[in-house]
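Raw model-v9.tsv, TSV, C-alpha atoms:
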```
chain	number	residue	atom	x	y	z
A	1	MET	CA	127.35	-1.41	-11.77
A	2	SER	CA	123.64	-2.20	-11.64
A	3	GLU	CA	124.09	-3.92	-8.27
A	4	GLN	CA	125.90	-0.85	-6.95
A	5	ALA	CA	123.11	1.35	-8.26
A	6	ALA	CA	120.53	-0.89	-6.60
A	7	ASP	CA	122.44	-0.76	-3.32
A	8	SER	CA	122.66	3.02	-3.51
A	9	ALA	CA	118.95	3.31	-4.24
A	10	SER	CA	118.16	1.01	-1.32
A	11	LEU	CA	120.38	3.04	0.99
A	12	ALA	CA	118.76	6.28	-0.13
A	13	THR	CA	115.28	4.82	0.42
A	14	GLY	CA	116.29	3.68	3.89
A	15	THR	CA	117.62	7.14	4.71
A	16	VAL	CA	114.42	8.79	3.52
A	17	ARG	CA	112.29	6.41	5.57
A	18	LEU	CA	114.46	6.95	8.62
A	19	VAL	CA	114.23	10.74	8.39
A	20	ILE	CA	110.45	10.55	7.85
A	21	VAL	CA	110.01	8.44	10.99
A	22	LEU	CA	112.37	10.61	13.04
A	23	GLY	CA	110.50	13.66	11.74
A	24	GLY	CA	107.23	12.10	12.91
A	25	LEU	CA	108.76	11.43	16.32
A	26	SER	CA	109.91	15.05	16.49
A	27	ALA	CA	106.50	16.34	15.44
A	28	ILE	CA	104.32	14.29	17.80
A	29	SER	CA	105.18	16.39	20.86
A	30	PRO	CA	104.35	19.73	19.17
A	31	PHE	CA	101.10	18.12	18.09
A	32	ALA	CA	100.44	17.04	21.67
A	33	THR	CA	101.01	20.59	22.93
A	34	ASP	CA	99.36	22.59	20.13
A	35	MET	CA	96.62	20.40	18.67
A	36	TYR	CA	94.25	20.83	21.58
A	37	ALA	CA	94.84	24.60	21.93
A	38	PRO	CA	91.63	25.58	20.06
A	39	GLY	CA	89.69	23.43	22.53
A	40	LEU	CA	91.01	25.02	25.74
A	41	PRO	CA	87.84	27.08	26.36
A	42	GLU	CA	85.70	23.96	25.76
A	43	ILE	CA	87.80	21.96	28.24
A	44	VAL	CA	87.19	24.65	30.86
A	45	THR	CA	83.44	24.13	30.42
A	46	SER	CA	83.69	20.34	30.20
A	47	PHE	CA	85.46	19.99	33.55
A	48	GLY	CA	83.77	22.98	35.18
A	49	THR	CA	87.12	24.49	36.09
A	50	SER	CA	89.13	27.68	35.45
A	51	GLY	CA	91.19	28.72	32.47
A	52	THR	CA	94.33	28.71	34.62
A	53	ALA	CA	93.69	25.10	35.67
A	54	VAL	CA	93.35	24.05	32.04
A	55	GLN	CA	96.48	26.00	31.07
A	56	LEU	CA	98.29	23.99	33.75
A	57	SER	CA	97.58	20.88	31.67
A	58	LEU	CA	99.97	22.31	29.08
A	59	THR	CA	102.45	23.05	31.85
A	60	ALA	CA	102.17	19.42	32.99
A	61	CYS	CA	102.91	18.17	29.47
A	62	LEU	CA	105.88	20.52	29.15
A	63	VAL	CA	107.29	19.41	32.51
A	64	GLY	CA	107.02	15.82	31.29
A	65	LEU	CA	108.78	16.73	28.07
A	66	ALA	CA	111.55	18.47	30.00
A	67	VAL	CA	112.14	15.72	32.58
A	68	GLY	CA	111.87	13.01	29.96
A	69	GLN	CA	114.49	14.57	27.72
A	70	VAL	CA	116.93	15.23	30.55
A	71	VAL	CA	116.70	11.59	31.63
A	72	LEU	CA	116.10	9.67	28.41
A	73	GLY	CA	118.77	11.43	26.33
A	74	PRO	CA	121.75	10.27	28.39
A	75	VAL	CA	120.05	6.98	29.34
A	76	SER	CA	119.84	6.11	25.65
A	77	ASP	CA	123.63	6.53	25.51
A	78	ALA	CA	123.83	3.55	27.88
A	79	LEU	CA	120.88	1.39	26.80
A	80	GLY	CA	120.58	2.11	23.08
A	81	ARG	CA	118.01	3.99	21.01
A	82	ARG	CA	115.50	1.58	19.46
A	83	ARG	CA	114.00	0.06	22.62
A	84	LEU	CA	113.36	3.47	24.16
A	85	LEU	CA	111.79	4.79	20.95
A	86	LEU	CA	109.39	1.83	20.81
A	87	ALA	CA	108.51	2.11	24.49
A	88	GLY	CA	108.03	5.88	24.29
A	89	SER	CA	105.76	5.71	21.24
A	90	GLY	CA	103.64	2.95	22.74
A	91	ALA	CA	103.28	4.76	26.06
A	92	PHE	CA	102.37	7.98	24.23
A	93	ALA	CA	99.50	6.19	22.47
A	94	GLY	CA	98.16	4.70	25.69
A	95	LEU	CA	98.38	7.93	27.67
A	96	SER	CA	96.65	9.85	24.88
A	97	LEU	CA	93.69	7.53	25.32
A	98	VAL	CA	93.74	8.19	29.06
A	99	CYS	CA	93.55	11.93	28.29
A	100	ALA	CA	90.60	11.31	25.97
A	101	LEU	CA	88.71	9.37	28.66
A	102	ALA	CA	89.72	11.51	31.65
A	103	PRO	CA	86.77	12.01	34.04
A	104	SER	CA	88.26	15.02	35.84
A	105	ILE	CA	90.79	17.81	35.43
A	106	ALA	CA	93.11	16.09	37.96
A	107	VAL	CA	93.26	12.84	35.97
A	108	PHE	CA	93.66	14.83	32.76
A	109	GLU	CA	96.65	16.78	34.10
A	110	VAL	CA	98.42	13.67	35.45
A	111	ALA	CA	97.91	11.94	32.11
A	112	ARG	CA	99.29	15.01	30.31
A	113	LEU	CA	102.40	14.93	32.51
A	114	LEU	CA	103.08	11.30	31.66
A	115	GLN	CA	102.18	11.87	28.01
A	116	GLY	CA	104.92	14.50	27.90
A	117	VAL	CA	107.48	12.07	29.34
A	118	ALA	CA	106.56	9.47	26.72
A	119	GLY	CA	106.62	11.98	23.86
A	120	SER	CA	110.05	13.27	24.89
A	121	ALA	CA	111.67	10.03	23.73
A	122	GLY	CA	111.10	10.89	20.08
A	123	LEU	CA	112.50	14.40	20.46
A	124	VAL	CA	115.72	13.69	22.30
A	125	ILE	CA	116.53	10.22	20.95
A	126	GLY	CA	115.71	11.23	17.37
A	127	ARG	CA	118.51	13.82	17.49
A	128	ALA	CA	120.83	11.20	18.96
A	129	VAL	CA	120.06	8.73	16.15
A	130	ILE	CA	121.13	11.34	13.59
A	131	SER	CA	124.35	11.93	15.56
A	132	ASP	CA	125.01	8.18	15.62
A	133	ARG	CA	124.61	7.69	11.88
A	134	TYR	CA	125.93	10.91	10.33
A	135	ALA	CA	128.69	13.44	10.84
A	136	GLY	CA	129.69	16.82	9.50
A	137	ALA	CA	127.66	18.30	6.67
A	138	ARG	CA	125.43	15.22	6.33
A	139	ALA	CA	124.47	15.42	9.99
A	140	ALA	CA	123.77	19.13	9.65
A	141	ARG	CA	121.49	18.53	6.66
A	142	GLN	CA	119.54	15.78	8.42
A	143	LEU	CA	119.19	17.83	11.60
A	144	SER	CA	118.02	20.77	9.50
A	145	THR	CA	115.35	18.54	7.95
A	146	LEU	CA	114.15	17.51	11.40
A	147	SER	CA	114.04	21.18	12.41
A	148	VAL	CA	111.87	22.08	9.42
A	149	ILE	CA	109.51	19.20	10.22
A	150	GLY	CA	109.44	20.23	13.86
A	151	MET	CA	108.64	23.81	12.94
A	152	THR	CA	105.94	22.76	10.48
A	153	ALA	CA	104.11	20.72	13.13
A	154	PRO	CA	102.79	23.82	14.96
A	155	VAL	CA	101.35	25.03	11.65
A	156	LEU	CA	99.34	21.87	11.11
A	157	ALA	CA	98.45	21.01	14.71
A	158	PRO	CA	95.96	23.80	15.54
A	159	VAL	CA	94.34	23.53	12.11
A	160	ALA	CA	93.86	19.80	12.59
A	161	GLY	CA	92.59	20.43	16.10
A	162	GLY	CA	90.14	23.05	14.88
A	163	LEU	CA	88.83	20.69	12.19
A	164	LEU	CA	88.36	17.88	14.70
A	165	LEU	CA	86.54	20.26	17.05
A	166	GLY	CA	84.22	21.04	14.16
A	167	VAL	CA	82.99	17.43	14.11
A	168	GLY	CA	83.44	16.34	17.74
A	169	SER	CA	84.55	17.34	21.22
A	170	TRP	CA	88.06	18.07	22.48
A	171	ARG	CA	88.36	14.38	23.45
A	172	LEU	CA	88.51	13.46	19.77
A	173	VAL	CA	91.83	15.32	19.53
A	174	PHE	CA	93.43	12.89	21.98
A	175	VAL	CA	91.93	9.87	20.23
A	176	ALA	CA	93.69	11.10	17.07
A	177	LEU	CA	96.96	11.51	19.00
A	178	ALA	CA	96.63	7.92	20.25
A	179	GLY	CA	96.27	6.73	16.66
A	180	ALA	CA	99.36	8.70	15.65
A	181	GLY	CA	101.30	7.08	18.49
A	182	LEU	CA	100.38	3.59	17.26
A	183	LEU	CA	101.48	4.48	13.73
A	184	LEU	CA	104.84	5.61	15.09
A	185	VAL	CA	105.28	2.32	16.96
A	186	ALA	CA	104.80	0.45	13.67
A	187	ALA	CA	107.11	2.82	11.77
A	188	VAL	CA	109.92	2.58	14.35
A	189	TRP	CA	109.62	-1.21	14.38
A	190	ALA	CA	109.87	-1.39	10.57
A	191	TRP	CA	112.29	1.40	9.66
A	192	VAL	CA	114.45	2.46	12.61
A	193	PRO	CA	117.24	-0.04	13.35
A	194	GLU	CA	119.41	0.28	16.42
A	195	SER	CA	121.96	3.02	15.69
A	196	LEU	CA	124.15	2.68	18.78
A	197	PRO	CA	125.94	-0.67	18.91
A	198	VAL	CA	126.83	-2.15	22.28
A	199	GLU	CA	130.54	-1.40	21.93
A	200	ARG	CA	129.83	2.33	21.54
A	201	ARG	CA	127.52	2.65	24.54
A	202	ARG	CA	128.67	4.46	27.65
A	203	ARG	CA	129.74	2.23	30.50
A	204	GLY	CA	129.28	2.56	34.22
A	205	GLY	CA	125.49	2.46	34.37
A	206	VAL	CA	122.82	5.10	34.12
A	207	ARG	CA	124.20	7.11	37.06
A	208	THR	CA	127.55	7.57	35.32
A	209	VAL	CA	125.83	8.55	32.10
A	210	LEU	CA	123.70	11.18	33.84
A	211	ALA	CA	126.84	12.49	35.57
A	212	ALA	CA	128.17	13.43	32.12
A	213	MET	CA	125.89	16.48	32.29
A	214	GLY	CA	127.95	17.94	35.14
A	215	PRO	CA	130.84	19.32	33.07
A	216	LEU	CA	128.41	20.72	30.49
A	217	VAL	CA	126.53	22.94	32.93
A	218	ARG	CA	129.83	24.56	33.96
A	219	ARG	CA	130.34	25.95	30.46
A	220	ARG	CA	129.20	29.57	30.46
A	221	ALA	CA	128.49	29.88	26.75
A	222	LEU	CA	126.56	26.60	26.63
A	223	VAL	CA	124.39	27.57	29.62
A	224	GLY	CA	123.84	31.00	28.09
A	225	ASN	CA	122.55	29.51	24.86
A	226	LEU	CA	120.33	27.11	26.82
A	227	LEU	CA	118.76	30.09	28.60
A	228	VAL	CA	118.39	32.06	25.38
A	229	VAL	CA	116.34	29.34	23.69
A	230	GLY	CA	114.57	28.30	26.90
A	231	CYS	CA	113.30	31.80	27.66
A	232	ALA	CA	112.29	32.25	24.03
A	233	LEU	CA	110.31	29.01	24.24
A	234	GLY	CA	108.71	30.35	27.42
A	235	ALA	CA	107.46	33.31	25.42
A	236	LEU	CA	106.15	30.99	22.72
A	237	PHE	CA	104.21	28.83	25.18
A	238	ALA	CA	102.77	31.86	26.94
A	239	TYR	CA	101.46	32.83	23.51
A	240	ILE	CA	100.14	29.30	22.88
A	241	THR	CA	98.18	29.13	26.14
A	242	GLY	CA	97.01	32.73	26.06
A	243	SER	CA	96.07	33.15	22.41
A	244	PRO	CA	92.96	30.88	22.38
A	245	PHE	CA	91.34	33.08	25.03
A	246	VAL	CA	92.59	36.30	23.42
A	247	PHE	CA	91.36	35.48	19.92
A	248	GLN	CA	88.23	33.48	20.77
A	249	ASP	CA	86.97	35.27	23.88
A	250	GLY	CA	88.51	38.68	23.20
A	251	TYR	CA	88.16	39.00	19.41
A	252	GLY	CA	85.24	36.58	18.95
A	253	LEU	CA	86.85	34.04	16.60
A	254	SER	CA	85.54	30.48	16.27
A	255	PRO	CA	87.87	27.55	17.10
A	256	THR	CA	88.37	26.90	13.37
A	257	ALA	CA	89.14	30.57	12.65
A	258	TYR	CA	91.52	30.67	15.59
A	259	GLY	CA	93.27	27.57	14.23
A	260	LEU	CA	93.85	29.38	10.94
A	261	VAL	CA	95.23	32.46	12.74
A	262	PHE	CA	97.54	30.30	14.79
A	263	ALA	CA	98.64	28.40	11.69
A	264	THR	CA	99.39	31.64	9.84
A	265	ASN	CA	101.58	32.78	12.71
A	266	ALA	CA	103.33	29.42	12.80
A	267	VAL	CA	104.10	29.89	9.10
A	268	GLY	CA	106.33	32.73	10.32
A	269	THR	CA	108.44	30.16	12.16
A	270	VAL	CA	108.72	28.02	9.04
A	271	LEU	CA	109.66	31.00	6.87
A	272	ALA	CA	112.32	31.96	9.37
A	273	GLY	CA	113.68	28.42	9.20
A	274	VAL	CA	113.99	28.75	5.43
A	275	VAL	CA	115.76	32.11	5.82
A	276	PHE	CA	118.05	30.58	8.43
A	277	GLY	CA	118.95	27.71	6.09
A	278	ALA	CA	119.80	30.14	3.30
A	279	LEU	CA	121.97	32.37	5.50
A	280	ALA	CA	123.60	29.87	7.84
A	281	GLY	CA	126.48	29.08	5.49
A	282	ARG	CA	127.27	32.75	4.92
A	283	VAL	CA	126.40	34.50	8.18
A	284	ARG	CA	127.80	33.52	11.57
A	285	LEU	CA	125.38	31.67	13.81
A	286	GLY	CA	125.91	34.22	16.58
A	287	ILE	CA	124.73	37.03	14.31
A	288	LEU	CA	121.65	35.05	13.26
A	289	LEU	CA	120.88	34.35	16.92
A	290	LEU	CA	121.27	38.02	17.79
A	291	GLY	CA	118.93	38.98	14.94
A	292	GLY	CA	116.29	36.49	16.04
A	293	VAL	CA	116.33	37.68	19.65
A	294	ALA	CA	116.13	41.32	18.50
A	295	VAL	CA	113.06	40.58	16.37
A	296	THR	CA	111.25	38.91	19.28
A	297	VAL	CA	112.00	41.82	21.62
A	298	VAL	CA	110.86	44.47	19.15
A	299	CYS	CA	107.60	42.65	18.34
A	300	ALA	CA	106.74	41.92	21.98
A	301	LEU	CA	107.50	45.46	23.09
A	302	THR	CA	105.43	46.91	20.25
A	303	LEU	CA	102.48	44.68	21.19
A	304	VAL	CA	102.60	45.74	24.85
A	305	ILE	CA	102.73	49.43	23.87
A	306	LEU	CA	99.80	49.06	21.44
A	307	LEU	CA	97.64	47.18	23.93
A	308	GLY	CA	98.59	49.46	26.81
A	309	THR	CA	97.53	52.55	24.84
A	310	GLY	CA	94.29	50.98	23.62
A	311	SER	CA	95.48	50.58	20.03
A	312	GLY	CA	95.63	46.79	20.02
A	313	ALA	CA	93.15	46.02	17.25
A	314	PHE	CA	92.85	42.46	15.94
A	315	GLY	CA	95.10	43.08	12.94
A	316	ALA	CA	97.86	44.76	14.97
A	317	THR	CA	97.88	41.98	17.56
A	318	TRP	CA	98.03	39.35	14.85
A	319	ALA	CA	100.90	41.12	13.05
A	320	CYS	CA	102.99	41.46	16.22
A	321	LEU	CA	102.51	37.80	17.09
A	322	PHE	CA	103.46	36.80	13.54
A	323	GLY	CA	106.71	38.73	13.99
A	324	LEU	CA	107.30	37.01	17.32
A	325	THR	CA	107.01	33.54	15.78
A	326	PHE	CA	109.30	34.59	12.91
A	327	GLY	CA	111.97	35.68	15.38
A	328	PHE	CA	111.66	32.41	17.27
A	329	GLY	CA	112.22	30.57	13.99
A	330	LEU	CA	115.70	32.13	13.88
A	331	VAL	CA	116.48	31.66	17.57
A	332	LEU	CA	115.68	27.93	17.73
A	333	PRO	CA	118.02	26.52	15.03
A	334	ALA	CA	120.85	28.95	15.84
A	335	SER	CA	120.89	28.24	19.57
A	336	THR	CA	120.36	24.50	19.05
A	337	THR	CA	123.35	24.29	16.73
A	338	LEU	CA	125.51	26.27	19.15
A	339	VAL	CA	124.53	24.13	22.15
A	340	LEU	CA	125.22	20.84	20.35
A	341	ALA	CA	128.57	22.17	19.08
A	342	LEU	CA	129.62	23.39	22.53
A	343	GLY	CA	128.60	20.03	24.04
A	344	GLY	CA	129.93	17.87	21.23
A	345	ASP	CA	131.93	15.64	23.58
A	346	ALA	CA	128.68	14.39	25.20
A	347	PRO	CA	125.94	14.68	22.54
A	348	GLY	CA	123.26	12.69	24.38
A	349	ALA	CA	123.69	14.73	27.53
A	350	ALA	CA	123.79	18.01	25.58
A	351	SER	CA	120.63	17.07	23.72
A	352	GLY	CA	118.93	16.21	27.02
A	353	LEU	CA	119.94	19.50	28.59
A	354	LEU	CA	118.72	21.35	25.52
A	355	GLY	CA	115.28	19.78	25.68
A	356	GLY	CA	115.11	20.11	29.45
A	357	ALA	CA	115.91	23.82	29.48
A	358	GLN	CA	113.41	24.53	26.70
A	359	PHE	CA	110.49	22.75	28.27
A	360	VAL	CA	111.16	23.61	31.93
A	361	LEU	CA	111.09	27.31	31.11
A	362	GLY	CA	108.20	26.81	28.72
A	363	ALA	CA	106.26	25.02	31.46
A	364	ALA	CA	106.94	27.84	33.91
A	365	ALA	CA	105.63	30.48	31.51
A	366	ALA	CA	102.62	28.59	30.12
A	367	PRO	CA	100.10	29.34	32.92
A	368	LEU	CA	101.25	32.92	33.60
A	369	PRO	CA	98.91	34.74	31.14
A	370	GLY	CA	95.94	33.65	33.29
A	371	ALA	CA	97.68	33.84	36.68
A	372	LEU	CA	95.60	36.84	37.79
A	373	GLY	CA	92.35	35.03	37.08
A	374	ARG	CA	91.57	36.04	33.51
A	375	THR	CA	93.66	35.83	30.37
A	376	THR	CA	93.67	39.06	28.36
A	377	ALA	CA	95.68	40.23	25.39
A	378	LEU	CA	97.69	42.55	27.64
A	379	SER	CA	98.42	39.87	30.28
A	380	MET	CA	99.63	37.52	27.56
A	381	ALA	CA	101.74	40.23	25.92
A	382	CYS	CA	103.39	41.20	29.22
A	383	VAL	CA	104.43	37.61	29.94
A	384	VAL	CA	105.77	37.25	26.41
A	385	LEU	CA	107.76	40.48	26.74
A	386	ALA	CA	109.24	39.44	30.09
A	387	CYS	CA	110.39	36.12	28.60
A	388	VAL	CA	112.04	37.61	25.52
A	389	LEU	CA	113.79	40.24	27.64
A	390	LEU	CA	115.22	37.43	29.80
A	391	SER	CA	116.31	35.70	26.59
A	392	ALA	CA	118.09	38.87	25.49
A	393	LEU	CA	119.74	39.21	28.90
A	394	ALA	CA	121.07	35.65	28.72
A	395	LEU	CA	122.42	36.36	25.24
A	396	VAL	CA	124.29	39.47	26.34
A	397	ALA	CA	125.49	38.30	29.76
A	398	LEU	CA	126.31	34.62	29.16
A	399	ALA	CA	126.08	33.36	25.58
A	400	ARG	CA	127.97	36.25	23.97
A	401	PRO	CA	128.33	34.38	20.67
A	402	TRP	CA	130.15	37.30	19.08
A	403	ARG	CA	133.04	36.65	21.52
A	404	ASP	CA	132.99	32.85	21.83
A	405	GLU	CA	132.26	31.32	18.45
A	406	GLY	CA	131.54	27.73	19.46
A	407	ASP	CA	129.87	27.06	16.14
A	408	GLY	CA	133.12	26.77	14.27
A	409	ASP	CA	132.23	28.34	10.94
A	410	GLY	CA	131.52	25.05	9.33
A	411	GLN	CA	128.59	24.13	11.49
A	412	GLY	CA	126.00	26.08	9.63
```

Would you mind writing the structure in this file as structure tokens?
Amino acid sequence: MSEQAADSASLATGTVRLVIVLGGLSAISPFATDMYAPGLPEIVTSFGTSGTAVQLSLTACLVGLAVGQVVLGPVSDALGRRRLLLAGSGAFAGLSLVCALAPSIAVFEVARLLQGVAGSAGLVIGRAVISDRYAGARAARQLSTLSVIGMTAPVLAPVAGGLLLGVGSWRLVFVALAGAGLLLVAAVWAWVPESLPVERRRRGGVRTVLAAMGPLVRRRALVGNLLVVGCALGALFAYITGSPFVFQDGYGLSPTAYGLVFATNAVGTVLAGVVFGALAGRVRLGILLLGGVAVTVVCALTLVILLGTGSGAFGATWACLFGLTFGFGLVLPASTTLVLALGGDAPGAASGLLGGAQFVLGAAAAPLPGALGRTTALSMACVVLACVLLSALALVALARPWRDEGDGDGQG
């Protein structure tokens, strides 16, 4: 009995370690995108360039994250998980150092693109590892844990970035990201065994594995949910790239104060994740998704009206953006669960499509707040509103979760 207890304790410890490492892999990309946000105005000065050019560095990272997930997700179905996780973490560390030492905006943006590709390995393959090892309710619980970690990362990232900017330049942020990448290499090596044995890998080479995405993109409900979450993420990244200029240049906040504002808004996403976890077993996922999209539309529309009529004081802008992040905290887990359920016959490919749609649309929206030459609160709010309206359109026209319940009541 004592040996069985020891084995159970060892298994539990291994599971905890695995989830911690996978959580770190899921969090590193949000850190890479959000941690340097308080330093965007300083980067403009450092390189002697425009705000739009610096915002494109976020777009470059998001494009890398999108392409990397689309490719690495299904490729890991053929080659296995562990090698790609080690390679991705190591490359992320090296490319973070390149960002820190970049002599020009061009080198910086290329390094950000490649950094995104490397960071995508942890996002897409981490979900696949959970699918390999767990099923049913256990898988749902572990994926929920990863979601909470992933939603907490944006809370901590800008605060950490603001603190680092208080003692050094923006380059210090990327030195810290390089250190985090090295820690993840060590953690994967020690605590993440290969979860996909050779006999379970897809045959026919990488081309055949990538071809598995074809049938998925012909499923209306799946594509609809991809567009719902992708457009919502576009709104979120328009807010991320626009808010440093709005709050620091427009409202006069310091980088540290802005980091606290951003963190408070990100708490809205975490709170929504907690609410989602409490309701998911009792309320249909489609209803939760509908509620999340409705919240984002109402908050974005209210912000545009307030700013357009000259009533957009600091407190009102902050409150509307808090509501936006809360709504996104409902949209993300609901749509993710629906996409993975609808694509359950090809989980690696579905996971890759999910990440690709999110970050392609996020990359497209990221530079738009400054597209006319200067980022203002109203330009940011208009881009955010356009994105959430597209998300609502995709929900109504394609996803229609109230008619096609792909979640199967037990998924929540």

Practice prompt. Would you list the residues near (93.4, 27.0, 14.0), meaning any protein, DNA or RNA residue with an atom at most 12 Å from that point in file coordinates, counting all atoms listed in the file, as number ranges by chain?
Written response: A: 34-39, 154-166, 240, 243-244, 247-248, 253-266

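Atom CA of A:Gly224 is found 9.4 Å from atom CA of A:Ser335.
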
How close does each residue of stretch 274-350 of chain A get to stretch 361-384 of chain A, giving the shortest atom pair and distance in Å to one decimal for every residue with an atom at most 9 Å away, counting all atoms listed in the file, sorted by chain and residue number, as CSV?
```
residue,atom,partner,partner_atom,distance
A:Ala300,CA,A:Val384,CA,6.5
A:Leu301,CA,A:Ala381,CA,8.3
A:Leu303,CA,A:Ala381,CA,6.5
A:Val304,CA,A:Ala381,CA,5.7
A:Leu307,CA,A:Leu378,CA,5.9
A:Gly308,CA,A:Leu378,CA,7.0
A:Gly312,CA,A:Ala377,CA,8.5
A:Thr317,CA,A:Ala377,CA,8.3
```

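Restricting the calculation to only C-alpha atoms, the smallest distance between A:Trp189 and any of A:Val21, A:Ala357, A:Ala102, A:Ala280 is found for A:Val21.
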
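Restricting the calculation to all atoms listed in the file, the smallest distance between A:Leu290 and any of A:Ala176, A:Ala399, A:Val270, A:Val223 is found for A:Ala399.
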
Practice prompt. Name the residues in contact with A:Leu354 at a cut-off of 12 Å, using only C-alpha atoms, excluding same-chain residues fewer than 4 positions from it; report them as a PyMOL selection string.
Written response: chain A and resi 65-71+73-74+120+123-124+127+213+216-217+222-231+233+332-333+335-343+347-350+358-361

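Here the question is which of A:Gly323, A:Gly329, A:Arg171, A:Ser50 gets nearest to A:Phe108 using only C-alpha atoms, and that residue is A:Arg171.
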
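For the pair atom CA of A:Gly80 and atom CA of A:Leu353, the separation is 18.3 Å.
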
Worksheet entry | Residues near A:Leu183, cut-off 12 Å, only C-alpha atoms, skip fewer than 3 positions along chain, as a count of residues only | 20

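Across the structure, atom CA of A:Val293 and atom CA of A:Val267 are spaced 17.9 Å apart.
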
Worksheet entry | Non-local contacts of stretch 273-279 of chain A (7 Å; all atoms listed in the file; under 2 positions in same chain excluded) as a list in words | Val148, Thr269, Val270, Leu271, Gly281, Arg282, Val283, Gly329 and Leu330 of chain A

Write out the residues from the selection above, keeping C-alpha atoms, as a PDB file, keeping the file's coordinate frame.
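Result written to selection_7.pdb:
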```
ATOM      1  CA  VAL A 148     111.870  22.080   9.420  1.00  0.00           C
ATOM      2  CA  THR A 269     108.440  30.160  12.160  1.00  0.00           C
ATOM      3  CA  VAL A 270     108.720  28.020   9.040  1.00  0.00           C
ATOM      4  CA  LEU A 271     109.660  31.000   6.870  1.00  0.00           C
ATOM      5  CA  GLY A 281     126.480  29.080   5.490  1.00  0.00           C
ATOM      6  CA  ARG A 282     127.270  32.750   4.920  1.00  0.00           C
ATOM      7  CA  VAL A 283     126.400  34.500   8.180  1.00  0.00           C
ATOM      8  CA  GLY A 329     112.220  30.570  13.990  1.00  0.00           C
ATOM      9  CA  LEU A 330     115.700  32.130  13.880  1.00  0.00           C
TER      10      LEU A 330
END
```

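With distances restricted to all atoms listed in the file, A:Gly122 is the closest residue to A:Pro30 from A:Gly286, A:Asp132, A:Leu72, A:Gly122.
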
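Nearest residue to A:Gly250 among A:Arg112, A:Ser169, A:Phe314, A:Ala386 is A:Phe314, counting only C-alpha atoms.
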
Please return the centre and edge lengths, in Å to one decimal, of a box with edges along x, y and z that contains all listed atoms of stretch 316-324 of chain A, widened by 3 Å on every side, as AutoDock Vina command-line options.
```
--center_x 102.6 --center_y 40.8 --center_z 15.3 --size_x 15.4 --size_y 14.0 --size_z 10.5
```

Residues within 8 Å of A:Ile287, please, as a tab-separated table (two decimals) with C-alpha atoms, in the coordinates of the input. Count all atoms listed in the file; anything in the same chain fewer than 4 positions from it doesn't count.
```tsv
chain	number	residue	atom	x	y	z
A	283	VAL	CA	126.40	34.50	8.18
A	291	GLY	CA	118.93	38.98	14.94
A	401	PRO	CA	128.33	34.38	20.67
A	402	TRP	CA	130.15	37.30	19.08
```

Worksheet item: Which of these residues is nearest to A:Leu79, using all atoms listed in the file: A:Leu40, A:Ala319, A:Arg201, A:Val331?
Response: A:Arg201
